[in-house]
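Chemist: First the structure, which I've put down as structure tokens, then a few questions once you've had a look.
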Amino acid sequence: VAYNKHYYAGSRQELVAKIAAELSDFRFRHVLGVEKAALELAQNNGVDLELASVAALVHDYAKEKSDQEFLAMIDACQLDPDLKNWSNFIWHGVVGAEIIRQELGIEDEAILNAVRRHTVGAVNMTRLDQIVYVADYIEENRDFPGVKTARAIAKNDLKEAVAFETSHTLAHLIANEKTIYPAAISTYNAWVCGR
Ligand code: GDP
Ligand code: FE
Ligand code: FE
Ligand code: FE
């Protein structure tokens with residue numbers, strides 16, 4: 001995808017270099033896989049390719065920041081103080097969006113919302129939100145039971161893929177006795193039960 005600088009002030013190559021500098025090789029590969037999957041989904045679902053590329057490339061930009069950096073950002077941006085009771089899994093999206101705004105100069109709210117919603121989803125998700133959420137789950141480097149089914153569903157029906165991912169992620173978290181972030185339950189009720 002060639003960038004027309006609608007969302008990021010530089011070229012795709014410049015954005016990729018900034019992201020590579022922030023992430024381990026393993027996570028950087030994941031991010032490129034998410035971009036590839038997101039572009040396919042964008043093509044199939046009538047979403048702007050530059051928008052999908054930028055959102056996918058930045059979605060885990062903050063994932064390797066320290067807890068202290070997230071906690072400081074929650075204060076600096078006056079985000080909901082309840083966020084402090086959680087951890088990296090929720091911070092890297094919700095607080096990460098503010099870090100992306102500050103460090104990459106990306107101000108587009110559609111992109112920042114897709115980052116905020118990429119881990120636990122939301123009751124209302126735009127097509128871009130759905131694309132980043134699903135691409136994160138099905139990208140080519142992912143390997144877990146059910147990923148092939150998820151990929152097949154995503155080829156045909158983006159909303160159905162959101163439902164499949166939401167249902168299976170929640171089941172996996174419960175099977176492992178993980179704390180469920182409340183918004184993840186709202187996503188489940190809306191996307192899995194609300195059909
Ligand atoms: P990644 O950043 O590409 O690894 O993927 P995600 O941002 O989608 O998820 C990050 C981590 O958060 C994964 O290990 C998920 O299993 C985990 N996660 C997602 N939702 C919840 C939740 O409600 N509770 C807990 N404890 N973990 C969650
Ligand atoms: Fe993530
Ligand atoms: Fe995910
Ligand atoms: Fe990811």
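For the structure tokens, the naming scheme is as follows: chains receive sequential letters (A, B, ...) according to their order of presentation, residues are indexed from 1 within each chain, and ligands are indexed from 1 in presentation order.
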List every residue of chain A that DSSP, applied to the backbone of this structure, assigns to alpha helix (DSSP H), and report them as a PyMOL selection string.

Modeler: chain A and resi 12-20+25-45+49-58+67-76+88-94+96-104+109-116+127-138+147-156+158-175+182-188

Chemist: So that I can check the surroundings of Lys84 in chain A, please list as a tab-separated table (two decimals) with N, CA, C and O atoms, in the first residue's frame every protein, DNA and RNA residue that reaches within 8 Å of it, counting only C-alpha atoms and ignoring chain neighbours fewer than 3 positions away.

Modeler:
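Wrote it out as selection-v3.tsv, contents follow:
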```
chain	number	residue	atom	x	y	z
A	71	LEU	N	1.26	3.54	33.62
A	71	LEU	CA	0.65	4.18	34.80
A	71	LEU	C	0.82	5.70	34.75
A	71	LEU	O	-0.11	6.45	35.07
A	74	ILE	N	-1.67	7.09	32.22
A	74	ILE	CA	-3.05	7.12	32.72
A	74	ILE	C	-3.28	8.43	33.49
A	74	ILE	O	-4.30	9.09	33.33
A	81	PRO	N	-9.19	6.12	36.20
A	81	PRO	CA	-8.23	5.59	37.18
A	81	PRO	C	-8.39	4.08	37.43
A	81	PRO	O	-7.45	3.43	37.87
A	87	SER	N	-3.71	-4.58	33.80
A	87	SER	CA	-2.31	-4.82	33.45
A	87	SER	C	-2.07	-4.65	31.96
A	87	SER	O	-2.95	-4.18	31.23
```

Chemist: Using only C-alpha atoms and all ligand atoms, find each residue in chain A having at least one atom no more than 10 Å away from ligand 1; report its shortest atom-to-atom pair and that distance in Å (one decimal), rows by chain then rising number, as a tab-separated table.

Modeler:
```
residue	atom	partner	partner_atom_place_in_ligand_line	distance
A:Arg27	CA	ligand 1	3 (O)	7.8
A:His30	CA	ligand 1	3 (O)	7.3
A:Val31	CA	ligand 1	3 (O)	7.9
A:Val34	CA	ligand 1	3 (O)	8.7
A:His59	CA	ligand 1	2 (O)	8.0
A:Asp60	CA	ligand 1	2 (O)	5.8
A:Tyr61	CA	ligand 1	2 (O)	9.4
A:Ala62	CA	ligand 1	2 (O)	9.4
A:Lys63	CA	ligand 1	2 (O)	6.7
A:Glu64	CA	ligand 1	2 (O)	9.8
A:Trp86	CA	ligand 1	26 (N)	8.7
A:Ser87	CA	ligand 1	26 (N)	8.5
A:Asn88	CA	ligand 1	12 (O)	7.8
A:Phe89	CA	ligand 1	12 (O)	4.2
A:Ile90	CA	ligand 1	12 (O)	6.8
A:Trp91	CA	ligand 1	7 (O)	9.4
A:His92	CA	ligand 1	7 (O)	7.4
A:Gly93	CA	ligand 1	7 (O)	6.9
A:Val115	CA	ligand 1	7 (O)	8.9
A:Arg116	CA	ligand 1	7 (O)	9.4
A:Arg117	CA	ligand 1	7 (O)	8.8
A:His118	CA	ligand 1	7 (O)	6.0
A:Thr119	CA	ligand 1	8 (O)	3.8
A:Val120	CA	ligand 1	20 (N)	5.1
A:Gly121	CA	ligand 1	20 (N)	8.8
A:Val132	CA	ligand 1	8 (O)	9.5
A:Tyr133	CA	ligand 1	8 (O)	7.1
A:Val134	CA	ligand 1	8 (O)	9.0
A:Ala135	CA	ligand 1	3 (O)	9.6
A:Asp136	CA	ligand 1	3 (O)	5.8
A:Tyr137	CA	ligand 1	8 (O)	6.9
A:Glu139	CA	ligand 1	3 (O)	9.7
A:Arg142	CA	ligand 1	3 (O)	9.4
A:Glu165	CA	ligand 1	8 (O)	9.9
A:Thr166	CA	ligand 1	20 (N)	9.1
A:Thr169	CA	ligand 1	16 (O)	6.7
A:Leu170	CA	ligand 1	23 (O)	7.2
A:His172	CA	ligand 1	16 (O)	7.9
A:Leu173	CA	ligand 1	25 (C)	6.5
A:Ile174	CA	ligand 1	24 (N)	8.9
A:Asn176	CA	ligand 1	26 (N)	9.3
A:Glu177	CA	ligand 1	26 (N)	8.5
A:Lys178	CA	ligand 1	26 (N)	4.7
A:Thr179	CA	ligand 1	26 (N)	4.6
A:Ile180	CA	ligand 1	23 (O)	3.7
A:Tyr181	CA	ligand 1	23 (O)	3.8
A:Pro182	CA	ligand 1	23 (O)	7.0
A:Ala183	CA	ligand 1	23 (O)	7.6
A:Ala184	CA	ligand 1	23 (O)	5.3
A:Ile185	CA	ligand 1	23 (O)	7.8
```

Chemist: Smallest atom-to-atom distance to ligand 4: which of A:Ala20, A:Leu57, A:Ala175, A:Ala154, using only C-alpha atoms and all ligand atoms?

Modeler: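 Smallest distance to ligand 4 is found for A:Leu57.
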
Chemist: Would you list the contacts of Ser11 in chain A as a list in words, taking every protein, DNA or RNA residue within 12 Å and counting only C-alpha atoms, but skipping same-chain residues closer than 4 positions in sequence?

Modeler: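 Selected residues are Val1, Ala2, Tyr3, Asn4, Lys5, His6, Tyr7, Leu15, Val16, Ala17, Lys18, Glu50, Ser53 and Val54 of chain A.
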
Chemist: Next, the residues of the selection above should be written as a compact mmCIF listing (two decimals), in the first residue's frame with N, CA, C and O atoms.

Modeler:
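Once written, again11.txt looks like this:
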```txt
# COMPACT_ATOMS: atom_id res chain seq x y z
N VAL A 1 0.85 -1.22 0.00
CA VAL A 1 0.00 0.00 0.00
C VAL A 1 0.86 1.25 0.00
O VAL A 1 1.71 1.42 0.88
N ALA A 2 0.63 2.12 -0.93
CA ALA A 2 1.29 3.42 -0.92
C ALA A 2 0.50 4.33 0.01
O ALA A 2 -0.73 4.29 0.03
N TYR A 3 1.22 5.13 0.80
CA TYR A 3 0.54 6.04 1.73
C TYR A 3 0.37 7.41 1.10
O TYR A 3 1.27 7.94 0.48
N ASN A 4 -0.82 7.98 1.27
CA ASN A 4 -1.05 9.36 0.86
C ASN A 4 -1.00 10.30 2.05
O ASN A 4 -1.51 11.41 2.00
N LYS A 5 -0.42 9.81 3.14
CA LYS A 5 -0.22 10.59 4.36
C LYS A 5 -1.52 11.15 4.92
O LYS A 5 -1.58 12.24 5.47
N HIS A 6 -2.58 10.34 4.79
CA HIS A 6 -3.86 10.76 5.37
C HIS A 6 -3.87 10.58 6.88
O HIS A 6 -4.53 11.29 7.60
N TYR A 7 -3.13 9.60 7.34
CA TYR A 7 -3.21 9.23 8.76
C TYR A 7 -1.88 9.33 9.48
O TYR A 7 -1.82 9.51 10.68
N LEU A 15 7.04 4.41 8.94
CA LEU A 15 6.22 3.93 10.06
C LEU A 15 6.70 2.54 10.51
O LEU A 15 6.87 2.29 11.71
N VAL A 16 6.94 1.67 9.54
CA VAL A 16 7.42 0.32 9.85
C VAL A 16 8.73 0.37 10.63
O VAL A 16 8.92 -0.38 11.60
N ALA A 17 9.63 1.27 10.26
CA ALA A 17 10.93 1.39 10.95
C ALA A 17 10.73 1.82 12.41
O ALA A 17 11.40 1.31 13.31
N LYS A 18 9.80 2.74 12.65
CA LYS A 18 9.54 3.18 14.03
C LYS A 18 8.97 2.05 14.87
O LYS A 18 9.28 1.92 16.07
N GLU A 50 -5.23 2.19 3.16
CA GLU A 50 -4.24 2.96 3.94
C GLU A 50 -4.66 2.99 5.42
O GLU A 50 -3.83 2.82 6.33
N SER A 53 -4.02 -0.43 6.93
CA SER A 53 -2.58 -0.67 7.09
C SER A 53 -2.04 0.05 8.32
O SER A 53 -1.36 -0.55 9.16
N VAL A 54 -2.35 1.33 8.47
CA VAL A 54 -1.83 2.10 9.61
C VAL A 54 -2.37 1.51 10.92
O VAL A 54 -1.61 1.28 11.87
```

Chemist: Just checking: using only C-alpha atoms, which residue out of A:Val123, A:Gln43, A:Ala171, A:Val95 ends up closest to Asp75 in chain A?

Modeler: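 When distances to Asp75 in chain A are compared using only C-alpha atoms, the smallest one comes from A:Val95.
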
Chemist: Kindly indicate which residue among A:Leu23, A:Glu14, A:Cys77, A:Ile138 lies nearest to Gln102 in chain A, using only C-alpha atoms for the distances.

Modeler: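 Between A:Leu23, A:Glu14, A:Cys77, A:Ile138, the residue approaching Gln102 in chain A most closely is A:Cys77.
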
Chemist: Quick one: of A:Met125, A:Ile106, A:Cys193, A:Ala114, who's nearest to ligand 4, counting only C-alpha atoms and all ligand atoms?

Modeler: A:Ala114

Chemist: Which polymer residues have any atom within 12 Å of an atom of Glu103 in chain A, counting only C-alpha atoms, with same-chain residues fewer than 2 positions away left out, as number ranges by chain?

Modeler: A: 8-9, 15, 18-19, 22, 58, 61-62, 96-101, 105-107

Chemist: Find the residues around Ala163 in chain A up to 8 Å (only C-alpha atoms counted), leave out those fewer than 2 positions away in its own chain, and share them as JSON, numbers by chain.

Modeler: {"A": [159, 160, 161, 165, 166, 167, 188, 191, 192]}

Chemist: Which residues come within 8 Å of Asn45 in chain A, counting only C-alpha atoms, excluding same-chain residues fewer than 4 positions away, as a CSV table (one decimal) with C-alpha atoms, in the first residue's frame?

Modeler:
```csv
chain,number,residue,atom,x,y,z
A,41,LEU,CA,-10.2,-8.1,5.2
A,127,ARG,CA,-15.7,-2.2,10.3
A,158,LEU,CA,-16.4,-10.4,9.2
```

Chemist: Which one is closest to ligand 2: A:Phe164, A:Thr149, A:Asn44, A:Val94? Count only C-alpha atoms and all ligand atoms.

Modeler: A:Val94

Chemist: In terms of the shortest atom-to-atom distance over only C-alpha atoms, which of A:Asn124, A:Gln130, A:Thr187, A:Asn156 is closest to Ala38 in chain A?

Modeler: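 For Ala38 in chain A, the nearest of the given residues is A:Gln130.
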